Amino acid sequence: MITGSLKNKINSIWQDFYNENMAQTSEIVNQLTTLMFIKMLDDKQNAVEAQASIIGIEAPQSELTFKKGNYKNIEVINGTEQVKFEIPYEDLRWKNFKNLNGKDLAARIKNYVIPFIKDPNNKSVGKFADYAKKYTFGFDDKERLLTSVVDKLSDDEMNFTNTDLMGDVYEYMCGSGVSGQFRTPRHIIDMAVEMMKPQLGEKIIDPAMGTAGFIIESAKYIQEHQKNELLNVENKKKFNSEMFYGCDNDSNMARIGYMNCILHNIKNPINDKAFYTELKDSLVSDVVSLNRNYIGVQKNLKYVEKYSDPVNWEHFTQQNFLDIKKYIAPNISGDIDIESARFFDLLCYKYSATKFNKNNTFAMTAKTIYTLACYLLDNKMRISEVAAHKETLEYIKSDDFLTKTTVTNMDNIRQEIRQLIKYIEKEIIEPIISDFDDKIISNEDADDDDVDFSVTVDDFKSLEEKVIFYIKTHLDDKLVYQVNNLIKPTDNAISAFKAEVIKTAKSNDEYEGLFASDDEIVPFVRKSIGLNPDAVNKFIDLQSAKGLNDNQINYTRELLNFIANNGKFERADLLRDELNFGEIFDNVSINALIEDINSIL
């Protein structure tokens, strides 16, 4: 919560709008938050450039909003792209136009900066253009107001690199006491998020996002409870651009919510109507596929027929929600033949039949079941219903599943596991089953067929899985030992490890599919084995002896965690949000740390 001088400055900005007869709170929020977003783009780039300078590199152009050279605004006329205007990126930066006189300031923002942030081809501003289509510049003939607001937003205390502080500023201006919008009380949001316990990899959607309070608190929960997982670059990428979906019927509120997400380091929240439509279509499909002979469906047939029609999902009300919850959801989530469960049944029957008939598709069918079990074990064990079946899932991963499972055992497994298939996402399960043949080739006894029942679980594993297993079971391998214990890897150790992998690979193509070059070997080993805690502590003790303070020591541990999660480290990685060193190190201490880290990698 903001207090003191900062609150007074915000109230002063608000008063400026009132003094110019702009008293409609929604329009004030609309104009003010857009200016805040423009300033934020420059503030964040200033911070990145300063940090890059400290560690002696040039900030990667791909990471910058304002790049080198000129920005070209393109419009399509009669199917042909034409340059509407061209301007140096530097002229679009807040720091370079904030001191212009009123008329020139208004012209620069209206004619160049606003088109820049509304350009749908401008990927450097994320998805802002999707939200800003209806935005119009609101300071025509109000140059004095614009100058005053820009001047006050340029105050050093209004530094948009401090996401916690600026998030509070933003929410204060968008709150019920200022903008007139209703906001869900924070303690209610916190309680709901705590009950839901959001996790990495899930999709979180708020169809009436407003200022995006639920999305932001969900993100904070994940950042707090899965901090180490977010040090992984791929996980962070998914967190930034694949997890959070927000919609709002009020386009201004959708834009405000989007900017609030950006201020809280959710880089690409998605206002994706296509996703909402896909979700709706999927739910309608679930209702349509309900078995009309099932007693629960018969009992609620009126509602089943109603919600089989997509029209009744439009303009969704609280009553619609209650109908779905009471009459439809129990039938969809209950013990019925939903498509994925029916598929699993068929797969299990195919397994039994191919084994009983000694059919040649036995190995393929077994591998499909094995792959599904692996996915549930690796990704869904936090779900209590899945965890309750851990023993059976582990059994499927063992050679006993191939050699000792009878037809009766298989049916018991089928009944136990079939309800867990609903936890596997469509995009995950479809590639797994794409090669599955749902036809039983023969019901005849096939004793004379040349069927290989010597297949083992190891035959199902990819080269990557086999190499990871080798790494974890051969800690004395020279390269594995060096990587695990923070000893700079030697060429001989890398060559010996490479020879072991080549012996395991079925072909040269399979090897090159895993390691396109030798440079990928050490990072792969490091990601697979991690770092020995004793070696980490030894490195930390060395840094402490060199005079690093507690905050710098904690940062060093985070950096080592990042390296373990991603397998490698480059100076440019320090520019990532999760590795912000700006307020912890000076240029001498950060560069000394980098040199020490490079000496062991």
# chains A, B, ... in the order shown; residues from 1 in each chain; ligands from 1
$ residues_around --residues "Met196 in chain A" --least-positions-apart "5" --cutoff "10 Å" --atoms "only C-alpha atoms" --output "count of residues only"
3
$ select_by_dssp --residues "range 70-137 of chain A" --states "strand (DSSP E or B)" --output "ChimeraX atom specification"
/A:70-77,80-88
$ atom_distance --atom1 "CA of Leu601 in chain A" --atom2 "CA of Val522 in chain A"
8.8 Å
$ closest_residue --among "A:Ile117, A:Glu510, A:Ala499, A:Ala59" --to "Ile38 in chain A" --atoms "only C-alpha atoms"
A:Ile117
$ closest_atom_pairs --of "range 31-122 of chain A" --to "range 136-141 of chain A" --cutoff "12 Å" --atoms "only C-alpha atoms" --output "Markdown table"
| residue | atom | partner | partner_atom | distance |
| --- | --- | --- | --- | --- |
| A:Gln31 | CA | A:Gly138 | CA | 6.4 |
| A:Leu32 | CA | A:Gly138 | CA | 9.7 |
| A:Thr33 | CA | A:Gly138 | CA | 12.0 |
| A:Thr34 | CA | A:Phe137 | CA | 9.4 |
| A:Leu35 | CA | A:Phe137 | CA | 10.2 |
| A:Gly102 | CA | A:Asp141 | CA | 9.9 |
| A:Lys103 | CA | A:Asp141 | CA | 8.9 |
| A:Asp104 | CA | A:Asp140 | CA | 11.9 |
| A:Leu105 | CA | A:Phe139 | CA | 10.4 |
| A:Ala106 | CA | A:Phe139 | CA | 7.2 |
| A:Ala107 | CA | A:Asp140 | CA | 9.3 |
| A:Arg108 | CA | A:Phe137 | CA | 11.5 |
| A:Ile109 | CA | A:Phe137 | CA | 8.5 |
| A:Lys110 | CA | A:Phe137 | CA | 6.2 |
| A:Asn111 | CA | A:Phe137 | CA | 9.4 |
| A:Tyr112 | CA | A:Phe137 | CA | 11.4 |
| A:Val113 | CA | A:Phe137 | CA | 10.5 |
| A:Ile114 | CA | A:Phe137 | CA | 7.7 |
| A:Pro115 | CA | A:Thr136 | CA | 10.2 |
| A:Lys118 | CA | A:Thr136 | CA | 10.3 |
$ write_last_selection --atoms "all heavy atoms" --output "compact mmCIF listing (two decimals), in the first residue's frame"
# COMPACT_ATOMS: atom_id res chain seq x y z
N GLN A 31 -6.17 7.62 -19.82
CA GLN A 31 -5.06 8.44 -20.31
C GLN A 31 -3.82 8.30 -19.43
O GLN A 31 -2.70 8.19 -19.94
CB GLN A 31 -5.49 9.92 -20.38
CG GLN A 31 -6.64 10.20 -21.32
CD GLN A 31 -6.34 9.81 -22.76
OE1 GLN A 31 -5.18 9.87 -23.20
NE2 GLN A 31 -7.36 9.39 -23.49
N LEU A 32 -4.02 8.30 -18.14
CA LEU A 32 -2.88 8.28 -17.22
C LEU A 32 -2.13 6.95 -17.28
O LEU A 32 -0.89 6.92 -17.30
CB LEU A 32 -3.38 8.56 -15.80
CG LEU A 32 -2.32 8.66 -14.70
CD1 LEU A 32 -1.22 9.65 -15.08
CD2 LEU A 32 -2.98 9.08 -13.39
N THR A 33 -2.87 5.86 -17.31
CA THR A 33 -2.20 4.56 -17.34
C THR A 33 -1.45 4.34 -18.65
O THR A 33 -0.42 3.65 -18.67
CB THR A 33 -3.20 3.41 -17.11
OG1 THR A 33 -4.27 3.53 -18.05
CG2 THR A 33 -3.76 3.45 -15.71
N THR A 34 -1.94 4.92 -19.73
CA THR A 34 -1.21 4.80 -21.00
C THR A 34 0.12 5.54 -20.92
O THR A 34 1.15 5.04 -21.38
CB THR A 34 -2.06 5.36 -22.16
OG1 THR A 34 -3.29 4.62 -22.24
CG2 THR A 34 -1.32 5.24 -23.48
N LEU A 35 0.12 6.73 -20.32
CA LEU A 35 1.38 7.45 -20.13
C LEU A 35 2.32 6.67 -19.22
O LEU A 35 3.53 6.63 -19.44
CB LEU A 35 1.11 8.84 -19.55
CG LEU A 35 0.43 9.85 -20.49
CD1 LEU A 35 0.12 11.15 -19.74
CD2 LEU A 35 1.31 10.14 -21.71
N GLY A 102 5.05 22.10 -24.54
CA GLY A 102 3.73 21.48 -24.57
C GLY A 102 3.25 21.05 -25.93
O GLY A 102 2.78 19.91 -26.13
N LYS A 103 3.38 21.93 -26.93
CA LYS A 103 2.88 21.62 -28.26
C LYS A 103 3.70 20.50 -28.90
O LYS A 103 3.13 19.55 -29.48
CB LYS A 103 2.93 22.87 -29.13
CG LYS A 103 2.28 22.70 -30.49
CD LYS A 103 2.26 24.04 -31.25
CE LYS A 103 1.57 23.86 -32.61
NZ LYS A 103 1.52 25.14 -33.35
N ASP A 104 5.03 20.60 -28.80
CA ASP A 104 5.89 19.58 -29.40
C ASP A 104 5.75 18.25 -28.66
O ASP A 104 5.82 17.17 -29.26
CB ASP A 104 7.35 20.03 -29.37
CG ASP A 104 7.61 21.19 -30.33
OD1 ASP A 104 6.78 21.38 -31.25
OD2 ASP A 104 8.61 21.89 -30.15
N LEU A 105 5.57 18.32 -27.34
CA LEU A 105 5.39 17.12 -26.53
C LEU A 105 4.13 16.37 -26.97
O LEU A 105 4.16 15.14 -27.18
CB LEU A 105 5.30 17.49 -25.05
CG LEU A 105 5.03 16.34 -24.07
CD1 LEU A 105 6.20 15.35 -24.08
CD2 LEU A 105 4.82 16.88 -22.66
N ALA A 106 3.03 17.10 -27.11
CA ALA A 106 1.77 16.48 -27.52
C ALA A 106 1.90 15.87 -28.92
O ALA A 106 1.41 14.77 -29.18
CB ALA A 106 0.65 17.52 -27.50
N ALA A 107 2.58 16.60 -29.82
CA ALA A 107 2.74 16.10 -31.19
C ALA A 107 3.58 14.82 -31.21
O ALA A 107 3.27 13.87 -31.94
CB ALA A 107 3.37 17.17 -32.07
N ARG A 108 4.66 14.82 -30.42
CA ARG A 108 5.54 13.64 -30.41
C ARG A 108 4.78 12.40 -29.90
O ARG A 108 4.86 11.32 -30.49
CB ARG A 108 6.75 13.90 -29.51
CG ARG A 108 7.72 12.72 -29.37
CD ARG A 108 8.53 12.48 -30.64
NE ARG A 108 9.32 13.66 -30.99
CZ ARG A 108 10.53 13.93 -30.49
NH1 ARG A 108 11.09 13.11 -29.62
NH2 ARG A 108 11.17 15.03 -30.85
N ILE A 109 4.06 12.58 -28.81
CA ILE A 109 3.35 11.42 -28.23
C ILE A 109 2.20 10.98 -29.14
O ILE A 109 2.05 9.79 -29.42
CB ILE A 109 2.83 11.77 -26.82
CG1 ILE A 109 4.00 12.02 -25.87
CG2 ILE A 109 1.95 10.63 -26.28
CD1 ILE A 109 3.59 12.46 -24.47
N LYS A 110 1.39 11.95 -29.60
CA LYS A 110 0.22 11.60 -30.40
C LYS A 110 0.59 11.01 -31.75
O LYS A 110 0.02 9.98 -32.17
CB LYS A 110 -0.66 12.84 -30.61
CG LYS A 110 -1.89 12.57 -31.45
CD LYS A 110 -2.72 13.83 -31.65
CE LYS A 110 -3.96 13.55 -32.50
NZ LYS A 110 -4.79 14.77 -32.68
N ASN A 111 1.54 11.62 -32.44
CA ASN A 111 1.81 11.25 -33.83
C ASN A 111 2.82 10.12 -33.99
O ASN A 111 2.85 9.47 -35.04
CB ASN A 111 2.31 12.47 -34.61
CG ASN A 111 1.27 13.57 -34.67
OD1 ASN A 111 0.07 13.30 -34.68
ND2 ASN A 111 1.73 14.82 -34.70
N TYR A 112 3.62 9.87 -32.93
CA TYR A 112 4.68 8.88 -33.08
C TYR A 112 4.66 7.81 -31.98
O TYR A 112 4.72 6.61 -32.28
CB TYR A 112 6.05 9.58 -33.10
CG TYR A 112 6.19 10.54 -34.25
CD1 TYR A 112 6.09 11.93 -34.04
CD2 TYR A 112 6.39 10.09 -35.56
CE1 TYR A 112 6.21 12.82 -35.10
CE2 TYR A 112 6.50 10.98 -36.62
CZ TYR A 112 6.40 12.34 -36.39
OH TYR A 112 6.50 13.20 -37.44
N VAL A 113 4.61 8.23 -30.72
CA VAL A 113 4.71 7.26 -29.63
C VAL A 113 3.46 6.38 -29.55
O VAL A 113 3.56 5.15 -29.41
CB VAL A 113 4.96 7.97 -28.28
CG1 VAL A 113 5.05 6.93 -27.16
CG2 VAL A 113 6.23 8.80 -28.35
N ILE A 114 2.27 7.00 -29.65
CA ILE A 114 1.03 6.22 -29.58
C ILE A 114 0.95 5.22 -30.74
O ILE A 114 0.65 4.03 -30.53
CB ILE A 114 -0.21 7.13 -29.55
CG1 ILE A 114 -0.20 8.00 -28.28
CG2 ILE A 114 -1.48 6.30 -29.63
CD1 ILE A 114 -0.22 7.23 -26.98
N PRO A 115 1.22 5.63 -32.00
CA PRO A 115 1.23 4.63 -33.08
C PRO A 115 2.25 3.52 -32.85
O PRO A 115 2.02 2.38 -33.23
CB PRO A 115 1.60 5.47 -34.32
CG PRO A 115 1.09 6.84 -34.00
CD PRO A 115 1.35 7.01 -32.53
N LYS A 118 0.76 1.10 -30.41
CA LYS A 118 -0.44 0.47 -30.95
C LYS A 118 -0.16 -0.38 -32.19
O LYS A 118 -1.08 -1.01 -32.73
CB LYS A 118 -1.49 1.54 -31.31
CG LYS A 118 -2.10 2.25 -30.12
CD LYS A 118 -3.14 3.28 -30.54
CE LYS A 118 -4.35 2.65 -31.17
NZ LYS A 118 -5.43 3.62 -31.45
$ closest_residue --among "A:Ser398, A:Ser148, A:Asn46, A:Asn122" --to "Tyr71 in chain A" --atoms "only C-alpha atoms"
A:Asn122
$ select_by_dssp --residues "range 195-370 of chain A" --states "alpha helix (DSSP H)" --output "PyMOL selection string"
chain A and resi 195-196+213-225+233-241+251-263+273-288+295-299+301-306+318-323+329-333+339-356+362-370
$ closest_residue --among "A:Leu593, A:Ala52, A:Leu372, A:Leu531" --to "Ile428 in chain A" --atoms "only C-alpha atoms"
A:Leu372
$ closest_residue --among "A:Phe539, A:Trp94, A:Tyr511, A:Phe356" --to "Met36 in chain A" --atoms "only C-alpha atoms"
A:Trp94
$ residues_around --residues "range 321-323 of chain A" --least-positions-apart "4" --cutoff "12 Å" --atoms "only C-alpha atoms" --output "PyMOL selection string"
chain A and resi 300+302-304+306-307+312-317+327-330
$ write_last_selection --atoms "N, CA, C and O atoms" --output "tab-separated table (two decimals), in the first residue's frame"
chain	number	residue	atom	x	y	z
A	300	ASN	N	-30.95	-35.08	-15.77
A	300	ASN	CA	-30.76	-33.65	-16.03
A	300	ASN	C	-30.76	-33.34	-17.53
A	300	ASN	O	-30.08	-32.42	-17.99
A	302	LYS	N	-32.77	-31.92	-19.50
A	302	LYS	CA	-33.15	-30.57	-19.91
A	302	LYS	C	-31.92	-29.65	-19.97
A	302	LYS	O	-31.77	-28.86	-20.91
A	303	TYR	N	-31.06	-29.77	-18.97
A	303	TYR	CA	-29.87	-28.91	-18.92
A	303	TYR	C	-28.81	-29.39	-19.91
A	303	TYR	O	-28.07	-28.59	-20.49
A	304	VAL	N	-28.73	-30.70	-20.11
A	304	VAL	CA	-27.78	-31.24	-21.07
A	304	VAL	C	-28.11	-30.73	-22.47
A	304	VAL	O	-27.22	-30.31	-23.22
A	306	LYS	N	-29.84	-28.03	-23.16
A	306	LYS	CA	-29.64	-26.58	-23.18
A	306	LYS	C	-28.19	-26.23	-23.43
A	306	LYS	O	-27.86	-25.40	-24.30
A	307	TYR	N	-27.26	-26.86	-22.71
A	307	TYR	CA	-25.85	-26.49	-22.80
A	307	TYR	C	-25.10	-27.29	-23.87
A	307	TYR	O	-23.88	-27.19	-23.98
A	312	ASN	N	-26.14	-20.84	-25.73
A	312	ASN	CA	-26.43	-20.69	-24.31
A	312	ASN	C	-25.18	-20.52	-23.45
A	312	ASN	O	-25.27	-20.43	-22.23
A	313	TRP	N	-24.01	-20.47	-24.12
A	313	TRP	CA	-22.77	-20.17	-23.40
A	313	TRP	C	-22.33	-18.73	-23.62
A	313	TRP	O	-21.37	-18.27	-23.01
A	314	GLU	N	-23.04	-18.02	-24.48
A	314	GLU	CA	-22.72	-16.61	-24.69
A	314	GLU	C	-23.30	-15.77	-23.56
A	314	GLU	O	-24.31	-16.13	-22.96
A	315	HIS	N	-22.67	-14.64	-23.27
A	315	HIS	CA	-23.13	-13.74	-22.21
A	315	HIS	C	-23.38	-14.53	-20.92
A	315	HIS	O	-24.45	-14.51	-20.33
A	316	PHE	N	-22.35	-15.26	-20.52
A	316	PHE	CA	-22.45	-16.20	-19.41
A	316	PHE	C	-22.76	-15.46	-18.10
A	316	PHE	O	-22.08	-14.51	-17.74
A	317	THR	N	-23.80	-15.90	-17.40
A	317	THR	CA	-24.22	-15.26	-16.15
A	317	THR	C	-23.93	-16.17	-14.97
A	317	THR	O	-23.56	-17.34	-15.13
A	327	TYR	N	-25.79	-29.28	-12.53
A	327	TYR	CA	-26.43	-30.30	-13.37
A	327	TYR	C	-25.51	-30.94	-14.41
A	327	TYR	O	-25.78	-32.05	-14.86
A	328	ILE	N	-24.44	-30.23	-14.78
A	328	ILE	CA	-23.60	-30.75	-15.86
A	328	ILE	C	-22.27	-31.31	-15.33
A	328	ILE	O	-21.88	-32.43	-15.68
A	329	ALA	N	-21.59	-30.53	-14.48
A	329	ALA	CA	-20.25	-30.92	-14.03
A	329	ALA	C	-20.18	-32.31	-13.41
A	329	ALA	O	-19.25	-33.07	-13.70
A	330	PRO	N	-21.15	-32.70	-12.56
A	330	PRO	CA	-21.06	-34.05	-11.96
A	330	PRO	C	-21.06	-35.16	-13.01
A	330	PRO	O	-20.46	-36.21	-12.80
$ atom_distance --atom1 "CA of Arg418 in chain A" --atom2 "CA of Phe344 in chain A"
6.3 Å
$ closest_residue --among "A:Asn565, A:Ser285, A:Asn532, A:Asn121" --to "Val76 in chain A" --atoms "only C-alpha atoms"
A:Asn121
$ closest_residue --among "A:Asn566, A:Asn587, A:Ser308, A:Asn412" --to "Glu229 in chain A" --atoms "only C-alpha atoms"
A:Asn566
$ residues_around --residues "range 364-370 of chain A" --least-positions-apart "5" --cutoff "6 Å" --atoms "only C-alpha atoms" --output "NGL selection string"
:A and (351 or 396-397 or 460)
$ write_last_selection --atoms "N, CA and C atoms" --output "JSON list (two decimals), in the first residue's frame"
[["chain", "number", "residue", "atom", "x", "y", "z"],
["A", 351, "TYR", "N", -3.62, -54.11, -25.31],
["A", 351, "TYR", "CA", -2.44, -54.68, -24.65],
["A", 351, "TYR", "C", -2.70, -56.14, -24.29],
["A", 396, "ILE", "N", 3.84, -49.87, -13.88],
["A", 396, "ILE", "CA", 3.79, -49.81, -15.34],
["A", 396, "ILE", "C", 5.15, -49.43, -15.92],
["A", 397, "LYS", "N", 5.94, -48.66, -15.18],
["A", 397, "LYS", "CA", 7.26, -48.25, -15.65],
["A", 397, "LYS", "C", 8.32, -49.36, -15.51],
["A", 460, "PHE", "N", 11.91, -48.80, -24.53],
["A", 460, "PHE", "CA", 10.96, -47.71, -24.73],
["A", 460, "PHE", "C", 11.60, -46.34, -24.54]]
$ residues_around --residues "Pro198 in chain A" --least-positions-apart "5" --cutoff "12 Å" --atoms "only C-alpha atoms" --output "VMD selection string"
chain A and resid 190 192 to 193 203 to 205 214 to 226 239 243 to 244 382 to 383
$ atom_distance --atom1 "CA of Asn252 in chain A" --atom2 "CA of Thr211 in chain A"
10.0 Å
$ residues_around --residues "range 253-260 of chain A" --least-positions-apart "2" --cutoff "6 Å" --atoms "only C-alpha atoms" --output "PDB file with N, CA and C atoms, in the first residue's frame"
ATOM      1  N   TYR A 131      -4.888  -4.590 -27.054  1.00  0.00           N
ATOM      2  CA  TYR A 131      -5.741  -3.950 -26.050  1.00  0.00           C
ATOM      3  C   TYR A 131      -6.013  -2.484 -26.367  1.00  0.00           C
ATOM      4  N   GLY A 210     -10.820  -7.210 -15.155  1.00  0.00           N
ATOM      5  CA  GLY A 210     -10.686  -5.907 -14.521  1.00  0.00           C
ATOM      6  C   GLY A 210      -9.237  -5.472 -14.487  1.00  0.00           C
ATOM      7  N   THR A 211      -8.718  -5.175 -13.295  1.00  0.00           N
ATOM      8  CA  THR A 211      -7.313  -4.783 -13.163  1.00  0.00           C
ATOM      9  C   THR A 211      -6.382  -5.985 -13.030  1.00  0.00           C
ATOM     10  N   ALA A 212      -6.919  -7.192 -13.226  1.00  0.00           N
ATOM     11  CA  ALA A 212      -6.134  -8.440 -13.259  1.00  0.00           C
ATOM     12  C   ALA A 212      -5.628  -8.862 -11.895  1.00  0.00           C
ATOM     13  N   ASP A 248     -11.962  -9.089 -20.744  1.00  0.00           N
ATOM     14  CA  ASP A 248     -12.899  -8.164 -20.107  1.00  0.00           C
ATOM     15  C   ASP A 248     -13.734  -7.506 -21.205  1.00  0.00           C
ATOM     16  N   ASP A 250     -15.020  -4.658 -21.144  1.00  0.00           N
ATOM     17  CA  ASP A 250     -14.612  -3.265 -21.241  1.00  0.00           C
ATOM     18  C   ASP A 250     -13.181  -3.232 -21.760  1.00  0.00           C
ATOM     19  N   SER A 251     -12.979  -2.778 -22.995  1.00  0.00           N
ATOM     20  CA  SER A 251     -11.646  -2.805 -23.596  1.00  0.00           C
ATOM     21  C   SER A 251     -10.650  -1.950 -22.821  1.00  0.00           C
ATOM     22  N   ILE A 262       1.999  -6.303 -16.744  1.00  0.00           N
ATOM     23  CA  ILE A 262       3.354  -5.954 -17.174  1.00  0.00           C
ATOM     24  C   ILE A 262       4.144  -5.368 -16.015  1.00  0.00           C
ATOM     25  N   LEU A 263       3.492  -4.504 -15.230  1.00  0.00           N
ATOM     26  CA  LEU A 263       4.169  -3.891 -14.086  1.00  0.00           C
ATOM     27  C   LEU A 263       4.548  -4.917 -13.022  1.00  0.00           C
TER      28      LEU A 263
END
